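Colleague: Take a look at the following structure, please.
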Amino acid sequence: MVTRFAARQSESGLVAVSTALVLAALLGFFALAFDIGVLMETRAQLQNGADAAALAAARSLNGQADGLDAARLAAFDYSNRHAAFGENIEIGSSDVSFGRWHLLGTECQFGSSGHDCFEPLSTTDPRKISAVKIRNGRDGVSTHNPLVALPFGAFVGASNGSVSSGAVAVGGGAAAVSCPLPLVVAECKIVNPLNNQLTCGPGPQLTATFTNAPGDAVGFVNMDPTKGGGTNGKETADAIESLAKCDSNTTRQTGLYPMQNGNDFGKVIDALRGATINGNTETINGPCMIGVTQTLAVSDAGCPNPIFQGSQQVLGFVKAIIVAVTDNLGTLLACPNQTLPVVPLPLQKNSVILAFPCEAPASTSEWGGGRAYNESNVRLRLVQ
């Protein structure tokens, strides 16, 4: 009987020890889970602050230096309006970066690790800046808020935790559009340098001549990755003719693309008219691009003396109406069965006569991230 009682005492002691160990482990797991929850909630609050600050800053981008100053102030203000674990979020000047955004892909490697599609840019030319990157944190780094005090730090072996976040927003004009013409215009030929705004209005504003020489306002651009790097007149004409079959879900984005000053202008001019000339016979085989609002790429290639050669940066897109074209004799042409317009501008050979609407509504497939041209309202988008 004594031996049996002693055994029961031993077993109850083991149960007590086991229960204490289990309770300690449960308390440890609870403490760890609670502290992780605090860090996750803090990070979510930091992310909200970064998103708001990036969008507010991107809204201020206007292609001018004062827009950058306003963007910085907006970033500081909207960050400080948000709190992370009880403290208003603080950021410094180094936490606000300006640049532009590229589509996701292997070409995006601007960051120090992995694929980063935010390309930082110098602020010496604010016209090229269309994106803002914001960083913040409860990490005690520089001007950031201090580390997060963990309520159960004693149980998990760490009294503080570090959390950081960030966001990128784009603003301004279209950075992605559907089915643009494979033509590029020089920004310095369409923007008034006195106010940095598009020269626009109800009538023709520009006669742009296709030429093999630099200094003109228009060139060829290949933005279709399935078509290789060709930018000659025949390939450009074929691309214009195929626009009737363009998939509206396929967008073209700002970035580096092959450009050319121009050759085989006649093929391109005929394609804009929806016509093919074979000897003295004119055949209608494509859509008419004249008199209809089109989307053109805009570049500052070589401005103020534009030259479209090699890969050049597309800054954004502009809405334009092709009023008429001229042939290699300088004769004014429209599409077959169209009435020739009255054009007060001096006519030149192998040219397109363009009018730019001051306000052009964006389609649902277009979003901000490039230079704003035909619009007064800045369109915004969070991209990271």
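Letters for chains follow the order of the structure tokens (A, B, ...), residue numbers begin at 1 for each chain, and ligand numbers begin at 1 in the order shown.
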Could you produce a table of the residues of stretch 97-195 of chain A lying within 9 Å of stretch 373-377 of chain A, with the nearest pair of atoms per residue and their separation in Å rounded to one decimal, using only C-alpha atoms, ordered by chain and increasing residue number, as a tab-separated table?
Modeller:
```
residue	atom	partner	partner_atom	distance
A:Gly172	CA	A:Asn377	CA	7.9
A:Gly173	CA	A:Tyr373	CA	6.5
A:Ala174	CA	A:Tyr373	CA	8.8
A:Val191	CA	A:Tyr373	CA	8.4
```
Colleague: Quick one: write out the picked residues with N, CA and C atoms as a PDB file, in the first residue's frame?
Modeller:
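Output saved as part14.pdb:
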```
ATOM      1  N   GLY A 172      -0.065  62.512 -63.322  1.00  0.00           N
ATOM      2  CA  GLY A 172       0.153  63.250 -64.565  1.00  0.00           C
ATOM      3  C   GLY A 172      -0.617  62.658 -65.718  1.00  0.00           C
ATOM      4  N   GLY A 173      -0.001  62.682 -66.888  1.00  0.00           N
ATOM      5  CA  GLY A 173      -0.664  62.223 -68.104  1.00  0.00           C
ATOM      6  C   GLY A 173      -0.581  60.732 -68.285  1.00  0.00           C
ATOM      7  N   ALA A 174      -0.978  60.294 -69.441  1.00  0.00           N
ATOM      8  CA  ALA A 174      -1.031  58.859 -69.718  1.00  0.00           C
ATOM      9  C   ALA A 174       0.362  58.253 -69.751  1.00  0.00           C
ATOM     10  N   VAL A 191       5.102  72.133 -76.843  1.00  0.00           N
ATOM     11  CA  VAL A 191       4.940  72.735 -75.521  1.00  0.00           C
ATOM     12  C   VAL A 191       5.499  74.149 -75.536  1.00  0.00           C
TER      13      VAL A 191
END
```
Colleague: Give me, as a Markdown table, the closest atom pair and its distance (Å, one decimal) for every residue of stretch 324-357 of chain A within a cut-off of 8 Å of stretch 267-272 of chain A, counting only C-alpha atoms, rows sorted by chain and rising number.
Modeller:
```
| residue | atom | partner | partner_atom | distance |
| --- | --- | --- | --- | --- |
| A:Val325 | CA | A:Ile269 | CA | 6.7 |
| A:Thr326 | CA | A:Ile269 | CA | 7.6 |
| A:Asp327 | CA | A:Ile269 | CA | 7.2 |
| A:Cys335 | CA | A:Leu272 | CA | 7.9 |
| A:Asn350 | CA | A:Ile269 | CA | 7.3 |
| A:Ser351 | CA | A:Ile269 | CA | 7.9 |
| A:Val352 | CA | A:Ile269 | CA | 7.9 |
```
Colleague: Write a file of the just-selected residues containing all heavy atoms, as a short mmCIF file (atom, residue, chain, number, x, y, z; two decimals), in the first residue's frame.
Modeller:
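For reference, selection04.cif as written:
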```
data_model
loop_
_atom_site.label_atom_id
_atom_site.label_comp_id
_atom_site.auth_asym_id
_atom_site.auth_seq_id
_atom_site.Cartn_x
_atom_site.Cartn_y
_atom_site.Cartn_z
N VAL A 325 -2.66 65.80 -94.57
CA VAL A 325 -1.28 65.46 -94.88
C VAL A 325 -0.93 66.08 -96.23
O VAL A 325 -1.80 66.52 -96.98
CB VAL A 325 -1.07 63.93 -94.94
CG1 VAL A 325 -1.32 63.30 -93.57
CG2 VAL A 325 -1.98 63.28 -95.99
N THR A 326 0.37 66.13 -96.53
CA THR A 326 0.81 66.59 -97.84
C THR A 326 1.71 65.55 -98.46
O THR A 326 2.38 64.78 -97.75
CB THR A 326 1.56 67.93 -97.76
OG1 THR A 326 2.77 67.74 -97.02
CG2 THR A 326 0.72 69.01 -97.09
N ASP A 327 1.75 65.51 -99.79
CA ASP A 327 2.60 64.54 -100.49
C ASP A 327 3.96 65.16 -100.77
O ASP A 327 4.30 66.24 -100.24
CB ASP A 327 1.93 64.07 -101.77
CG ASP A 327 1.66 65.20 -102.75
OD1 ASP A 327 2.25 66.30 -102.59
OD2 ASP A 327 0.85 65.00 -103.69
N CYS A 335 -8.34 61.97 -96.58
CA CYS A 335 -8.71 60.60 -96.93
C CYS A 335 -9.61 60.63 -98.16
O CYS A 335 -10.27 61.64 -98.43
CB CYS A 335 -9.43 59.92 -95.76
SG CYS A 335 -8.35 59.54 -94.37
N ASN A 350 5.70 66.26 -97.69
CA ASN A 350 5.75 65.07 -96.82
C ASN A 350 5.51 65.42 -95.35
O ASN A 350 6.33 65.17 -94.47
CB ASN A 350 7.10 64.36 -96.95
CG ASN A 350 7.38 63.92 -98.36
OD1 ASN A 350 6.51 63.34 -99.01
ND2 ASN A 350 8.58 64.19 -98.86
N SER A 351 4.37 66.01 -95.07
CA SER A 351 4.12 66.49 -93.72
C SER A 351 2.76 66.05 -93.21
O SER A 351 1.87 65.66 -93.98
CB SER A 351 4.23 68.02 -93.67
OG SER A 351 3.24 68.60 -94.48
N VAL A 352 2.61 66.11 -91.91
CA VAL A 352 1.33 65.92 -91.24
C VAL A 352 0.98 67.22 -90.54
O VAL A 352 1.84 67.84 -89.91
CB VAL A 352 1.34 64.75 -90.25
CG1 VAL A 352 1.45 63.43 -90.96
CG2 VAL A 352 2.46 64.90 -89.23
#
```
Colleague: Determine which residues of stretch 169-220 of chain A DSSP labels as strand (DSSP E) from the backbone of this structure, then write them out as a PyMOL selection string.
Modeller: chain A and resi 169-170+173-178+183-186+191-192+197-198+206-209+218-220
Colleague: I'd like the contact shell of A:Phe356 - 8 Å cut-off, only C-alpha atoms, skipping same-chain residues fewer than 4 positions apart - returned as number ranges by chain.
Modeller: A: 199-202, 204-205, 318-321, 374
Colleague: Go ahead and save the picked residues with N, CA, C and O atoms, as a PDB file, in the first residue's frame.
Modeller:
```
ATOM      1  N   THR A 199       0.736  73.683 -76.442  1.00  0.00           N
ATOM      2  CA  THR A 199       0.158  74.666 -77.348  1.00  0.00           C
ATOM      3  C   THR A 199      -1.049  74.011 -78.017  1.00  0.00           C
ATOM      4  O   THR A 199      -0.902  73.060 -78.778  1.00  0.00           O
ATOM      5  N   CYS A 200      -2.236  74.485 -77.700  1.00  0.00           N
ATOM      6  CA  CYS A 200      -3.443  73.778 -78.115  1.00  0.00           C
ATOM      7  C   CYS A 200      -4.504  74.765 -78.576  1.00  0.00           C
ATOM      8  O   CYS A 200      -4.352  75.974 -78.418  1.00  0.00           O
ATOM      9  N   GLY A 201      -5.568  74.245 -79.114  1.00  0.00           N
ATOM     10  CA  GLY A 201      -6.659  75.098 -79.567  1.00  0.00           C
ATOM     11  C   GLY A 201      -7.497  74.401 -80.617  1.00  0.00           C
ATOM     12  O   GLY A 201      -7.267  73.242 -80.951  1.00  0.00           O
ATOM     13  N   PRO A 202      -8.484  75.094 -81.167  1.00  0.00           N
ATOM     14  CA  PRO A 202      -9.408  74.456 -82.116  1.00  0.00           C
ATOM     15  C   PRO A 202      -8.826  74.246 -83.514  1.00  0.00           C
ATOM     16  O   PRO A 202      -9.297  73.401 -84.254  1.00  0.00           O
ATOM     17  N   PRO A 204      -5.306  74.072 -86.462  1.00  0.00           N
ATOM     18  CA  PRO A 204      -3.985  73.435 -86.575  1.00  0.00           C
ATOM     19  C   PRO A 204      -2.920  74.217 -85.815  1.00  0.00           C
ATOM     20  O   PRO A 204      -2.869  75.438 -85.871  1.00  0.00           O
ATOM     21  N   GLN A 205      -2.063  73.497 -85.102  1.00  0.00           N
ATOM     22  CA  GLN A 205      -0.969  74.140 -84.374  1.00  0.00           C
ATOM     23  C   GLN A 205       0.408  73.787 -84.912  1.00  0.00           C
ATOM     24  O   GLN A 205       1.386  74.448 -84.599  1.00  0.00           O
ATOM     25  N   VAL A 318       0.248  62.253 -76.263  1.00  0.00           N
ATOM     26  CA  VAL A 318      -0.569  63.425 -76.505  1.00  0.00           C
ATOM     27  C   VAL A 318      -1.692  63.054 -77.472  1.00  0.00           C
ATOM     28  O   VAL A 318      -1.504  62.241 -78.384  1.00  0.00           O
ATOM     29  N   LYS A 319      -2.859  63.610 -77.237  1.00  0.00           N
ATOM     30  CA  LYS A 319      -3.972  63.449 -78.166  1.00  0.00           C
ATOM     31  C   LYS A 319      -3.839  64.500 -79.264  1.00  0.00           C
ATOM     32  O   LYS A 319      -3.600  65.682 -78.982  1.00  0.00           O
ATOM     33  N   ALA A 320      -3.981  64.060 -80.493  1.00  0.00           N
ATOM     34  CA  ALA A 320      -3.842  64.969 -81.630  1.00  0.00           C
ATOM     35  C   ALA A 320      -4.831  64.585 -82.714  1.00  0.00           C
ATOM     36  O   ALA A 320      -5.213  63.417 -82.845  1.00  0.00           O
ATOM     37  N   ILE A 321      -5.252  65.572 -83.474  1.00  0.00           N
ATOM     38  CA  ILE A 321      -6.092  65.343 -84.650  1.00  0.00           C
ATOM     39  C   ILE A 321      -5.244  65.616 -85.881  1.00  0.00           C
ATOM     40  O   ILE A 321      -4.653  66.699 -86.006  1.00  0.00           O
ATOM     41  N   ASN A 374      -2.825  66.988 -72.660  1.00  0.00           N
ATOM     42  CA  ASN A 374      -4.182  67.451 -72.984  1.00  0.00           C
ATOM     43  C   ASN A 374      -5.117  67.447 -71.790  1.00  0.00           C
ATOM     44  O   ASN A 374      -6.300  67.206 -71.947  1.00  0.00           O
TER      45      ASN A 374
END
```
Colleague: Please report the interatomic distance between atom CA of A:Phe34 and atom CA of A:Asn145 in Å with one decimal.
Modeller: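 Atom CA of A:Asn145 lies 21.0 Å from atom CA of A:Phe34.
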Colleague: In Å, with one decimal, what is the gap from atom CA of A:Pro336 to atom CA of A:Arg273?
Modeller: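 The value is 7.2 Å.
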Colleague: Between atom CA of A:Gly92 and atom CA of A:Ala372, what distance in Å does the model show, to one decimal?
Modeller: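 Atom CA of A:Ala372 lies at a distance of 28.0 Å from atom CA of A:Gly92.
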Colleague: Which residue gives the smallest distance to A:Gly161 among A:Leu147, A:Arg381, A:Val185, A:Ala44, with only C-alpha atoms counted?
Modeller: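 Using only C-alpha atoms, A:Gly161 sits closest to A:Leu147.
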Colleague: My list of candidates is A:Gly262, A:Gly291, A:Gly99, A:Gly37. Which is closest to A:Ile322 when distances are computed with only C-alpha atoms?
Modeller: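 Answer, going by the shortest atom-to-atom distance: A:Gly291.
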Colleague: Would you list, as a PyMOL selection string, the residues of stretch 69-260 of chain A that end up in helix (DSSP H, G or I) under DSSP run on this structure's backbone?
Modeller: chain A and resi 69-80+93-95+126-128+153-156+187-190+225-227+233-245
Colleague: Using only C-alpha atoms, which residue out of A:Val314, A:Ala75, A:Pro182, A:Val292 lies closest to A:Asp238?
Modeller: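 Closest candidate: A:Pro182.
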Colleague: List the spatial neighbours of A:Cys246 as a ChimeraX atom specification - criterion: any atom at most 7 Å away, only C-alpha atoms, same-chain residues fewer than 3 positions off excluded.
Modeller: /A:179,242-243
Colleague: Output N, CA, C and O atoms of each residue in that selection to a file, as a CSV table (one decimal), in the first residue's frame.
Modeller:
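Written output follows (result.csv):
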```
chain,number,residue,atom,x,y,z
A,179,CYS,N,-3.3,51.3,-78.4
A,179,CYS,CA,-3.3,51.5,-79.9
A,179,CYS,C,-2.8,52.9,-80.3
A,179,CYS,O,-3.5,53.5,-81.1
A,242,SER,N,-2.6,48.2,-89.5
A,242,SER,CA,-3.1,47.2,-88.6
A,242,SER,C,-3.8,47.7,-87.3
A,242,SER,O,-4.3,46.9,-86.5
A,243,LEU,N,-3.8,49.0,-87.2
A,243,LEU,CA,-4.5,49.6,-86.0
A,243,LEU,C,-6.0,49.3,-85.9
A,243,LEU,O,-6.6,49.2,-84.8
```
Colleague: Calculated over only C-alpha atoms, which of the candidates A:Ala239, A:Ala175, A:Leu333, A:Ala56 has the smallest distance to A:Asp224?
Modeller: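 Looking only at the distances to A:Asp224, the closest residue turns out to be A:Ala239.
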Colleague: Taking only C-alpha atoms into account, produce a table as a tab-separated table in which each residue of stretch 33-91 of chain A with an atom at most 10 Å from an atom of stretch 121-130 of chain A appears once, together with its shortest atom pair and the distance in Å to one decimal, ordered by chain and rising number.
Modeller:
```
residue	atom	partner	partner_atom	distance
A:Ala58	CA	A:Ser130	CA	7.3
A:Arg59	CA	A:Ser130	CA	9.7
A:Ser60	CA	A:Ser130	CA	10.0
A:Leu61	CA	A:Ser130	CA	6.7
A:Asn62	CA	A:Arg127	CA	7.6
A:Gly63	CA	A:Arg127	CA	3.9
A:Gln64	CA	A:Pro126	CA	5.3
A:Ala65	CA	A:Pro126	CA	5.9
A:Asp66	CA	A:Pro126	CA	9.2
A:Gly67	CA	A:Pro126	CA	8.2
A:Leu68	CA	A:Pro126	CA	7.4
```
Colleague: My list of candidates is A:Ala131, A:Ala84, A:Ala208, A:Val383. Which is closest to A:Pro146 when distances are computed with only C-alpha atoms?
Modeller: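 The shortest atom-to-atom distance to A:Pro146 comes from A:Ala84.
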Colleague: Would you kindly return, as a ChimeraX atom specification, each protein, DNA or RNA residue with an atom no farther than 8 Å from any atom of A:Leu347, considering only C-alpha atoms and excluding same-chain residues fewer than 4 positions away?
Modeller: /A:207,326,330-332
Colleague: Contacts of A:Asp77 at 12 Å or less, counting only C-alpha atoms, minus same-chain residues fewer than 5 places along, as a ChimeraX atom specification?
Modeller: /A:49-50,52-57,70-72,82,88-92
Colleague: Just all heavy atoms for this one: save the residues we selected as a tab-separated table (two decimals), in the first residue's frame.
Modeller:
```
chain	number	residue	atom	x	y	z
A	49	GLY	N	-0.01	55.16	-44.32
A	49	GLY	CA	0.62	56.47	-44.35
A	49	GLY	C	1.46	56.67	-45.61
A	49	GLY	O	1.45	57.75	-46.21
A	50	ALA	N	2.20	55.63	-46.00
A	50	ALA	CA	3.03	55.73	-47.21
A	50	ALA	C	2.17	55.88	-48.45
A	50	ALA	O	2.48	56.68	-49.35
A	50	ALA	CB	3.92	54.50	-47.32
A	52	ALA	N	-0.90	57.15	-48.69
A	52	ALA	CA	-1.51	58.48	-48.70
A	52	ALA	C	-0.48	59.54	-49.08
A	52	ALA	O	-0.76	60.46	-49.86
A	52	ALA	CB	-2.14	58.80	-47.34
A	53	ALA	N	0.73	59.43	-48.52
A	53	ALA	CA	1.77	60.41	-48.81
A	53	ALA	C	2.19	60.36	-50.27
A	53	ALA	O	2.40	61.40	-50.91
A	53	ALA	CB	2.97	60.18	-47.89
A	54	ALA	N	2.32	59.14	-50.83
A	54	ALA	CA	2.73	59.00	-52.23
A	54	ALA	C	1.68	59.57	-53.16
A	54	ALA	O	2.00	60.28	-54.13
A	54	ALA	CB	3.00	57.53	-52.54
A	55	LEU	N	0.40	59.28	-52.91
A	55	LEU	CA	-0.66	59.80	-53.76
A	55	LEU	C	-0.75	61.32	-53.68
A	55	LEU	O	-0.92	62.01	-54.70
A	55	LEU	CB	-2.00	59.17	-53.36
A	55	LEU	CG	-2.21	57.72	-53.78
A	55	LEU	CD1	-3.45	57.15	-53.11
A	55	LEU	CD2	-2.35	57.60	-55.30
A	56	ALA	N	-0.63	61.85	-52.45
A	56	ALA	CA	-0.69	63.31	-52.30
A	56	ALA	C	0.48	63.98	-53.00
A	56	ALA	O	0.32	65.02	-53.64
A	56	ALA	CB	-0.69	63.67	-50.81
A	57	ALA	N	1.66	63.38	-52.92
A	57	ALA	CA	2.82	63.96	-53.58
A	57	ALA	C	2.70	63.88	-55.09
A	57	ALA	O	3.00	64.84	-55.81
A	57	ALA	CB	4.09	63.24	-53.11
A	70	ALA	N	6.10	71.31	-53.89
A	70	ALA	CA	4.77	71.03	-53.34
A	70	ALA	C	4.60	69.55	-53.01
A	70	ALA	O	3.95	69.18	-52.03
A	70	ALA	CB	3.69	71.48	-54.33
A	71	ALA	N	5.19	68.69	-53.84
A	71	ALA	CA	5.10	67.25	-53.60
A	71	ALA	C	5.79	66.86	-52.29
A	71	ALA	O	5.27	66.04	-51.53
A	71	ALA	CB	5.71	66.48	-54.77
A	72	ARG	N	6.94	67.45	-52.03
A	72	ARG	CA	7.64	67.15	-50.78
A	72	ARG	C	6.80	67.57	-49.57
A	72	ARG	O	6.66	66.82	-48.60
A	72	ARG	CB	8.99	67.88	-50.74
A	72	ARG	CG	10.03	67.32	-51.70
A	72	ARG	CD	11.38	67.95	-51.42
A	72	ARG	NE	12.35	67.56	-52.43
A	72	ARG	CZ	12.61	68.25	-53.53
A	72	ARG	NH1	11.95	69.38	-53.78
A	72	ARG	NH2	13.51	67.83	-54.40
A	82	HIS	N	-1.02	60.51	-40.39
A	82	HIS	CA	-1.25	59.10	-40.07
A	82	HIS	C	-0.38	58.70	-38.88
A	82	HIS	O	0.72	59.23	-38.69
A	82	HIS	CB	-0.93	58.21	-41.27
A	82	HIS	CG	-1.93	58.34	-42.38
A	82	HIS	ND1	-1.99	59.43	-43.22
A	82	HIS	CD2	-2.91	57.49	-42.80
A	82	HIS	CE1	-2.96	59.27	-44.09
A	82	HIS	NE2	-3.55	58.10	-43.86
A	88	ASN	N	2.49	59.71	-34.59
A	88	ASN	CA	2.38	60.25	-35.94
A	88	ASN	C	3.63	59.91	-36.74
A	88	ASN	O	4.75	60.00	-36.22
A	88	ASN	CB	2.18	61.77	-35.90
A	88	ASN	CG	0.82	62.16	-35.36
A	88	ASN	OD1	-0.04	61.30	-35.11
A	88	ASN	ND2	0.61	63.44	-35.16
A	89	ILE	N	3.43	59.53	-37.99
A	89	ILE	CA	4.53	59.03	-38.81
A	89	ILE	C	5.41	60.19	-39.26
A	89	ILE	O	4.95	61.17	-39.84
A	89	ILE	CB	3.99	58.28	-40.04
A	89	ILE	CG1	3.16	57.07	-39.59
A	89	ILE	CG2	5.12	57.82	-40.94
A	89	ILE	CD1	2.43	56.37	-40.71
A	90	GLU	N	6.70	60.06	-39.00
A	90	GLU	CA	7.68	61.07	-39.38
A	90	GLU	C	8.55	60.54	-40.52
A	90	GLU	O	8.99	59.39	-40.49
A	90	GLU	CB	8.58	61.44	-38.20
A	90	GLU	CG	7.84	61.97	-36.98
A	90	GLU	CD	7.30	63.38	-37.20
A	90	GLU	OE1	7.75	64.03	-38.15
A	90	GLU	OE2	6.43	63.80	-36.41
A	91	ILE	N	8.79	61.39	-41.53
A	91	ILE	CA	9.72	61.04	-42.60
A	91	ILE	C	10.65	62.23	-42.83
A	91	ILE	O	10.34	63.36	-42.44
A	91	ILE	CB	9.01	60.65	-43.91
A	91	ILE	CG1	8.19	61.83	-44.45
A	91	ILE	CG2	8.15	59.42	-43.72
A	91	ILE	CD1	7.61	61.56	-45.84
A	92	GLY	N	11.78	61.97	-43.49
A	92	GLY	CA	12.74	63.02	-43.81
A	92	GLY	C	12.87	63.22	-45.30
A	92	GLY	O	12.23	62.52	-46.11
```
Colleague: Would you pick out the contacts of A:Gly137 at 8 Å or less, using only C-alpha atoms, so that residues sharing its chain but fewer than 4 positions from it are not included, and give the list as a list in words?
Modeller: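 Contacts, with the query itself left out: Leu46, Ile89, Val141, His144, Asn145, Ser162, Val163, Ser164 and Ser165 of chain A.
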